[in-house]
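Listing of protein.csv, CSV, C-alpha atoms
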```csv
chain,number,residue,atom,x,y,z
A,1,MET,CA,-10.2,26.0,-11.4
A,2,SER,CA,-9.1,22.4,-10.9
A,3,CYS,CA,-7.7,21.4,-7.5
A,4,PRO,CA,-3.9,21.0,-7.7
A,5,GLU,CA,-4.2,17.8,-5.6
A,6,LEU,CA,-6.2,15.9,-8.3
A,7,LEU,CA,-3.2,14.0,-9.5
A,8,ARG,CA,-2.4,12.9,-6.0
A,9,THR,CA,-6.0,11.9,-5.4
A,10,GLN,CA,-5.8,9.8,-8.6
A,11,ALA,CA,-2.7,8.2,-7.3
A,12,PHE,CA,-4.4,7.5,-4.0
A,13,ILE,CA,-7.4,5.8,-5.8
A,14,ASP,CA,-4.9,3.7,-7.8
A,15,GLY,CA,-3.1,2.6,-4.6
A,16,GLU,CA,0.2,4.2,-5.7
A,17,LEU,CA,0.9,6.2,-2.5
A,18,ASP,CA,2.8,5.0,0.6
A,19,SER,CA,1.1,5.0,4.0
A,20,ALA,CA,2.0,8.5,5.1
A,21,ALA,CA,1.1,10.0,1.7
A,22,SER,CA,-2.2,8.0,1.7
A,23,ARG,CA,-3.2,9.5,5.0
A,24,ASP,CA,-2.4,13.0,3.8
A,25,ALA,CA,-4.4,12.4,0.6
A,26,GLU,CA,-7.4,11.1,2.5
A,27,ARG,CA,-7.4,14.1,4.8
A,28,HIS,CA,-7.3,16.4,1.8
A,29,ILE,CA,-10.2,14.5,0.1
A,30,GLU,CA,-12.3,14.9,3.2
A,31,SER,CA,-11.9,18.7,3.1
A,32,CYS,CA,-12.0,19.1,-0.7
A,33,ALA,CA,-15.4,18.9,-2.5
A,34,GLU,CA,-13.8,18.7,-5.9
A,35,CYS,CA,-11.6,15.7,-5.0
A,36,ARG,CA,-14.6,14.0,-3.2
A,37,ASP,CA,-16.6,14.3,-6.4
A,38,PHE,CA,-13.6,13.0,-8.4
A,39,VAL,CA,-13.4,9.9,-6.1
A,40,ALA,CA,-17.2,9.4,-6.3
A,41,ALA,CA,-17.1,9.7,-10.1
A,42,ALA,CA,-14.2,7.2,-10.4
A,43,ALA,CA,-16.1,4.7,-8.2
A,44,ALA,CA,-19.3,5.1,-10.3
A,45,ALA,CA,-17.3,4.6,-13.6
A,46,SER,CA,-15.7,1.5,-12.1
A,47,ASP,CA,-19.2,0.2,-11.1
A,48,LEU,CA,-20.4,0.7,-14.7
A,49,LEU,CA,-17.5,-1.2,-16.1
A,50,LEU,CA,-17.9,-3.9,-13.6
A,51,HIS,CA,-21.6,-4.5,-14.5
A,52,ALA,CA,-21.2,-3.8,-18.2
A,53,GLN,CA,-23.1,-6.3,-20.4
A,54,ARG,CA,-21.4,-8.3,-23.1
A,55,HIS,CA,-23.4,-8.5,-26.3
A,56,ALA,CA,-23.3,-11.3,-28.8
A,57,ALA,CA,-22.1,-10.7,-32.3
A,58,PRO,CA,-24.9,-10.3,-35.0
A,59,ALA,CA,-25.9,-13.5,-36.6
A,60,GLY,CA,-24.7,-12.5,-40.0
A,61,LEU,CA,-21.2,-11.4,-38.7
A,62,ARG,CA,-20.9,-14.6,-36.7
A,63,ALA,CA,-21.8,-16.8,-39.7
A,64,LYS,CA,-19.3,-14.9,-41.9
A,65,VAL,CA,-16.5,-15.4,-39.4
A,66,LEU,CA,-17.3,-19.1,-39.0
A,67,ALA,CA,-17.4,-19.6,-42.8
A,68,ASP,CA,-14.0,-17.9,-43.1
A,69,LEU,CA,-12.5,-20.1,-40.5
A,70,ARG,CA,-13.9,-23.2,-42.1
A,71,SER,CA,-12.5,-22.2,-45.5
A,72,GLN,CA,-9.0,-22.1,-44.0
A,73,GLU,CA,-9.2,-25.5,-42.4
A,74,ALA,CA,-7.3,-28.2,-44.2
A,75,PRO,CA,-9.3,-31.4,-44.9
A,76,ALA,CA,-8.6,-34.1,-42.4
A,77,PRO,CA,-7.3,-37.4,-43.9
A,78,PHE,CA,-9.9,-40.2,-43.8
A,79,THR,CA,-9.4,-42.8,-41.0
A,80,ALA,CA,-11.5,-45.7,-40.0
A,81,PRO,CA,-13.6,-44.8,-37.0
A,82,SER,CA,-12.2,-46.2,-33.8
A,83,ARG,CA,-14.2,-47.4,-30.8
A,84,ARG,CA,-13.6,-44.1,-29.0
A,85,ARG,CA,-14.5,-42.1,-32.1
A,86,GLY,CA,-17.6,-44.2,-32.5
A,87,PHE,CA,-18.7,-43.2,-29.0
A,88,TRP,CA,-18.5,-39.5,-29.8
A,89,LEU,CA,-20.3,-40.0,-33.1
A,90,GLY,CA,-23.1,-41.8,-31.3
A,91,ALA,CA,-23.2,-39.1,-28.6
A,92,GLY,CA,-23.9,-36.6,-31.4
A,93,SER,CA,-27.4,-37.9,-32.0
A,94,GLY,CA,-30.6,-38.9,-30.0
A,95,ALA,CA,-30.1,-40.0,-26.5
A,96,GLY,CA,-26.3,-39.7,-26.7
A,97,ALA,CA,-26.7,-35.9,-27.2
A,98,VAL,CA,-29.0,-35.6,-24.2
A,99,GLY,CA,-26.5,-37.6,-22.1
A,100,LEU,CA,-23.6,-35.5,-23.3
A,101,ALA,CA,-25.4,-32.3,-22.5
A,102,ALA,CA,-26.3,-33.5,-19.1
A,103,MET,CA,-22.7,-34.4,-18.4
A,104,LEU,CA,-21.4,-31.0,-19.6
A,105,ALA,CA,-24.0,-29.3,-17.4
A,106,PHE,CA,-22.8,-31.3,-14.4
A,107,PHE,CA,-19.2,-30.2,-14.9
A,108,LEU,CA,-20.2,-26.6,-15.4
A,109,LEU,CA,-22.0,-26.6,-12.1
A,110,LEU,CA,-19.0,-28.0,-10.2
A,111,PRO,CA,-17.1,-25.4,-8.1
A,112,PRO,CA,-13.7,-24.4,-9.5
A,113,SER,CA,-10.7,-26.3,-8.2
A,114,ALA,CA,-8.3,-24.7,-5.8
A,115,THR,CA,-5.6,-24.6,-8.5
A,116,THR,CA,-7.9,-22.9,-10.9
A,117,LEU,CA,-8.9,-20.3,-8.2
A,118,GLU,CA,-5.3,-19.6,-7.3
A,119,GLY,CA,-4.5,-18.7,-10.9
A,120,SER,CA,-7.6,-16.6,-11.3
A,121,LEU,CA,-7.0,-14.7,-8.1
A,122,VAL,CA,-3.4,-13.9,-9.0
A,123,ASP,CA,-4.5,-12.8,-12.5
A,124,ALA,CA,-7.2,-10.6,-11.0
A,125,HIS,CA,-4.7,-9.0,-8.5
A,126,THR,CA,-2.1,-8.3,-11.2
A,127,ASN,CA,-4.7,-7.0,-13.7
A,128,ALA,CA,-6.1,-4.6,-11.1
A,129,LEU,CA,-2.5,-3.3,-10.4
A,130,MET,CA,-1.7,-2.9,-14.0
A,131,ALA,CA,-5.0,-1.2,-14.9
A,132,GLY,CA,-4.8,1.1,-11.9
A,133,ARG,CA,-8.2,0.0,-10.6
A,134,THR,CA,-7.3,-1.4,-7.2
A,135,ILE,CA,-9.8,0.8,-5.3
A,136,GLN,CA,-13.5,1.7,-5.9
A,137,VAL,CA,-14.0,3.1,-2.4
A,138,ALA,CA,-11.0,4.9,-0.9
A,139,SER,CA,-10.9,5.1,2.9
A,140,SER,CA,-8.9,3.9,5.9
A,141,ASN,CA,-12.1,3.8,8.0
A,142,HIS,CA,-13.7,0.4,8.2
A,143,HIS,CA,-17.0,2.1,9.1
A,144,THR,CA,-16.9,3.6,5.6
A,145,VAL,CA,-15.5,0.6,3.6
A,146,LYS,CA,-17.7,-2.2,5.0
A,147,PRO,CA,-21.1,-0.4,4.4
A,148,TRP,CA,-20.0,0.4,0.9
A,149,PHE,CA,-20.2,-3.3,0.0
A,150,ALA,CA,-23.8,-3.5,1.2
A,151,GLY,CA,-26.2,-3.5,-1.7
A,152,ARG,CA,-23.4,-4.2,-4.2
A,153,ILE,CA,-22.6,-7.8,-3.2
A,154,ALA,CA,-24.6,-10.4,-1.3
A,155,ILE,CA,-22.0,-11.1,1.4
A,156,SER,CA,-20.5,-9.2,4.3
A,157,PRO,CA,-16.7,-9.3,4.0
A,158,PRO,CA,-14.4,-8.9,7.1
A,159,VAL,CA,-13.1,-5.4,7.2
A,160,ALA,CA,-10.9,-4.2,10.1
A,161,ASP,CA,-8.1,-1.8,10.9
A,162,TYR,CA,-4.7,-3.4,11.4
A,163,SER,CA,-2.7,-0.2,11.1
A,164,LYS,CA,-1.1,-0.8,14.5
A,165,GLU,CA,0.3,-4.1,13.2
A,166,GLY,CA,1.6,-2.4,10.0
A,167,PHE,CA,-1.3,-3.3,7.6
A,168,ASP,CA,-3.2,-0.1,6.6
A,169,LEU,CA,-6.7,-0.4,5.3
A,170,ILE,CA,-6.9,1.8,2.1
A,171,GLY,CA,-10.2,0.8,0.5
A,172,GLY,CA,-12.0,-1.9,-1.4
A,173,ARG,CA,-13.6,-2.9,-4.7
A,174,ILE,CA,-15.7,-5.7,-6.2
A,175,GLU,CA,-14.3,-8.3,-8.7
A,176,ASN,CA,-15.8,-11.1,-10.7
A,177,VAL,CA,-13.2,-13.9,-10.5
A,178,HIS,CA,-13.8,-17.1,-12.5
A,179,GLY,CA,-17.5,-16.2,-12.6
A,180,ILE,CA,-17.8,-15.6,-8.9
A,181,ASP,CA,-18.6,-12.1,-7.4
A,182,MET,CA,-16.0,-11.3,-4.8
A,183,ALA,CA,-15.5,-8.4,-2.3
A,184,VAL,CA,-11.9,-7.3,-2.3
A,185,VAL,CA,-10.7,-5.4,0.8
A,186,VAL,CA,-7.4,-3.6,0.0
A,187,TYR,CA,-4.5,-3.1,2.5
A,188,ARG,CA,-1.1,-1.6,2.2
A,189,HIS,CA,2.0,-3.0,3.9
A,190,GLY,CA,5.0,-0.7,3.2
A,191,ALA,CA,5.2,-0.3,-0.5
A,192,HIS,CA,3.1,-3.4,-1.2
A,193,LEU,CA,-0.7,-4.0,-1.6
A,194,ILE,CA,-2.6,-6.9,-0.2
A,195,ASP,CA,-5.9,-7.9,-1.7
A,196,LEU,CA,-8.2,-9.8,0.7
A,197,TYR,CA,-10.8,-11.6,-1.4
A,198,ALA,CA,-14.1,-12.8,0.2
A,199,TRP,CA,-16.9,-14.7,-1.5
A,200,ALA,CA,-19.7,-17.1,-0.6
A,201,ASP,CA,-18.4,-20.6,0.2
A,202,GLN,CA,-18.4,-22.6,-3.1
A,203,GLY,CA,-17.6,-25.9,-1.5
A,204,THR,CA,-14.1,-25.9,-2.9
A,205,ASN,CA,-11.3,-27.5,-1.0
A,206,LEU,CA,-8.9,-24.6,-0.6
A,207,SER,CA,-5.1,-24.7,-0.6
A,208,PRO,CA,-3.8,-23.0,2.5
A,209,ALA,CA,-0.6,-21.7,1.0
A,210,SER,CA,0.8,-21.4,-2.5
A,211,SER,CA,2.6,-19.0,-4.8
A,212,ARG,CA,2.4,-18.1,-8.4
A,213,HIS,CA,4.6,-15.8,-10.5
A,214,GLY,CA,6.1,-14.2,-7.4
A,215,TYR,CA,2.7,-13.6,-5.6
A,216,GLY,CA,1.8,-15.4,-2.5
A,217,VAL,CA,-1.7,-16.8,-2.1
A,218,ARG,CA,-3.4,-17.9,1.2
A,219,MET,CA,-6.9,-19.3,1.1
A,220,TRP,CA,-9.1,-20.4,4.0
A,221,LYS,CA,-12.7,-20.7,5.1
A,222,GLN,CA,-14.2,-18.5,7.7
A,223,GLN,CA,-17.8,-19.1,8.8
A,224,ASP,CA,-19.9,-19.1,5.5
A,225,LEU,CA,-17.2,-17.4,3.5
A,226,ASP,CA,-14.2,-18.4,1.4
A,227,LEU,CA,-11.3,-16.0,1.9
A,228,ALA,CA,-8.0,-15.4,0.0
A,229,ALA,CA,-5.1,-13.0,0.6
A,230,VAL,CA,-2.9,-12.2,-2.4
A,231,SER,CA,0.3,-10.1,-2.4
A,232,ASP,CA,3.9,-10.0,-3.3
A,233,ILE,CA,5.0,-9.3,0.3
A,234,ASP,CA,7.3,-11.7,2.2
A,235,ALA,CA,5.6,-15.0,3.0
A,236,ALA,CA,6.0,-14.6,6.7
A,237,GLU,CA,4.4,-11.1,6.6
A,238,LEU,CA,1.5,-12.5,4.5
A,239,ASP,CA,1.0,-15.3,7.1
A,240,LYS,CA,1.0,-12.6,9.8
A,241,PHE,CA,-1.8,-10.8,7.9
A,242,VAL,CA,-3.8,-13.9,7.5
A,243,GLN,CA,-3.6,-14.6,11.3
A,244,LEU,CA,-4.9,-11.1,12.0
A,245,VAL,CA,-7.8,-11.5,9.6
A,246,GLY,CA,-8.6,-14.9,11.1
A,247,ARG,CA,-8.3,-13.7,14.6
A,248,PRO,CA,-11.6,-13.7,16.6
A,249,ALA,CA,-12.9,-10.2,17.3
A,250,GLU,CA,-12.0,-8.9,20.7
```
Show me this structure written as structure tokens.
Amino acid sequence: MSCPELLRTQAFIDGELDSAASRDAERHIESCAECRDFVAAAAAASDLLLHAQRHAAPAGLRAKVLADLRSQEAPAPFTAPSRRRGFWLGAGSGAGAVGLAAMLAFFLLLPPSATTLEGSLVDAHTNALMAGRTIQVASSNHHTVKPWFAGRIAISPPVADYSKEGFDLIGGRIENVHGIDMAVVVYRHGAHLIDLYAWADQGTNLSPASSRHGYGVRMWKQQDLDLAAVSDIDAAELDKFVQLVGRPAE
């Protein structure tokens, strides 16, 4: 017989419960084998999706799609080649192609800009909320959450209990944001979630404070990590949270 608390356990994993209900749900999960198995299965499924491989389309299908697209393109009127156009025509052959490839490779190796990261982080935060996948490991105990990241990602994110200050640790997950593997430590403040992103320092100049689409973003460097906090809480409260995370351990 299924546990009657399974729906609440699902809501807990999705980060939909308030602080008191989250604590009740966590106590139940600790005492219920069925709900513990459910949480473990959800985390395993999320891991599979996270590391799922993308496969290229078969050559025949790709060729057919490209041919269809070309057949719909209107022929461009003839114009005499300009000096700029002449450069790109020259770049398409011989040494020009090699130089162009080297230039493209150089730009691909550059770290993303702060503006690009801000948008990608807000997108990742909102997508996780909408998809109900805010948490892969559900716990308010930092001794449970922090070790969970070991072996899954090559960094050690800061994980601490700030419940006395009004920021409840509820779990964590791993995200790939703009091609970068990031640890995400999830906190609750009232009815709002805060995602604390941590990733290896990319050499990007980070913007300390910004907002996008109603979400505040705070980014900073801490030792060999880049960190970002994203949430729709009040700006002053988000700044308070950032000060707590950046506070030296006592």
Handout entry: Proximity to Arg133 in chain A - best of A:Glu175, A:Glu165, A:Glu30, A:Asp181, only C-alpha atoms
Key =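 Counting only C-alpha atoms, the residue closest to Arg133 in chain A is A:Glu175.
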Exercise for the section: Find the residues near Val145 in chain A: any atom within 8 Å, counting only C-alpha atoms, skip ones fewer than 5 places away on the same chain, and give them as an NGL selection string. Expected result: :A and (137-140 or 159 or 171-172)
Practice task
Write out as a list in words which residues come within 8 Å of range 11-22 of chain A when counting all atoms listed in the file, dropping same-chain ones fewer than 2 positions away.
Solution key: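 The neighbour list is Leu7, Arg8, Thr9, Asp24, Ala25, Glu26, Val39, Leu129, Gly132, Arg133, Thr134, Ile135, Gln136, Val137, Ala138, Asp168, Ile170, Arg188, Gly190, Ala191 and Leu193 of chain A.
In this comparison, which uses only C-alpha atoms, the residue of A:Ser31, A:Thr126, A:Asn176, A:Ser231 approaching Arg218 in chain A most closely is A:Ser231.
For the pair CA of Ser156 in chain A and CA of Val245 in chain A, the interatomic distance is 14.0 Å.
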Problem - Counting only C-alpha atoms, the option among A:Ala209, A:Ala33, A:Ala154, A:Met182 closest to Thr115 in chain A - result: A:Ala209
Practice task
Enter the distance from CA of Gly216 in chain A to CA of Lys164 in chain A, in Å, rounded to one decimal.
Solution key: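 Between CA of Gly216 in chain A and CA of Lys164 in chain A the gap is 22.6 Å.
CA of His125 in chain A lies 23.0 Å from CA of Asp224 in chain A.
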Handout entry: Given only C-alpha atoms as the counted atoms, nearest of A:Asn141, A:Asn205, A:Asn127, A:Gln222 to Asp161 in chain A
Key =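 Residue with the minimum atom-to-atom distance to Asp161 in chain A: A:Asn141.
Distance cut-off 10 Å, centre (-1.3, -22.8, 2.5), atoms counted all atoms listed in the file; the residues meeting this are Leu206, Ser207, Pro208, Ala209, Ser210, Ser211, Gly216, Val217, Arg218, Met219, Trp220 and Asp239 of chain A.
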Handout entry: Counting all atoms listed in the file, the residue of A:Ala131, A:Ile194, A:Leu169, A:Ala42 that sits nearest Asp232 in chain A
Key = A:Ile194
Practice task
Please identify all polymer residues within 10 Å of His213 in chain A, counting all atoms listed in the file, omitting same-chain residues fewer than 4 positions from it, and present them as a PyMOL selection string.
Solution key: chain A and resi 119+122-123+232
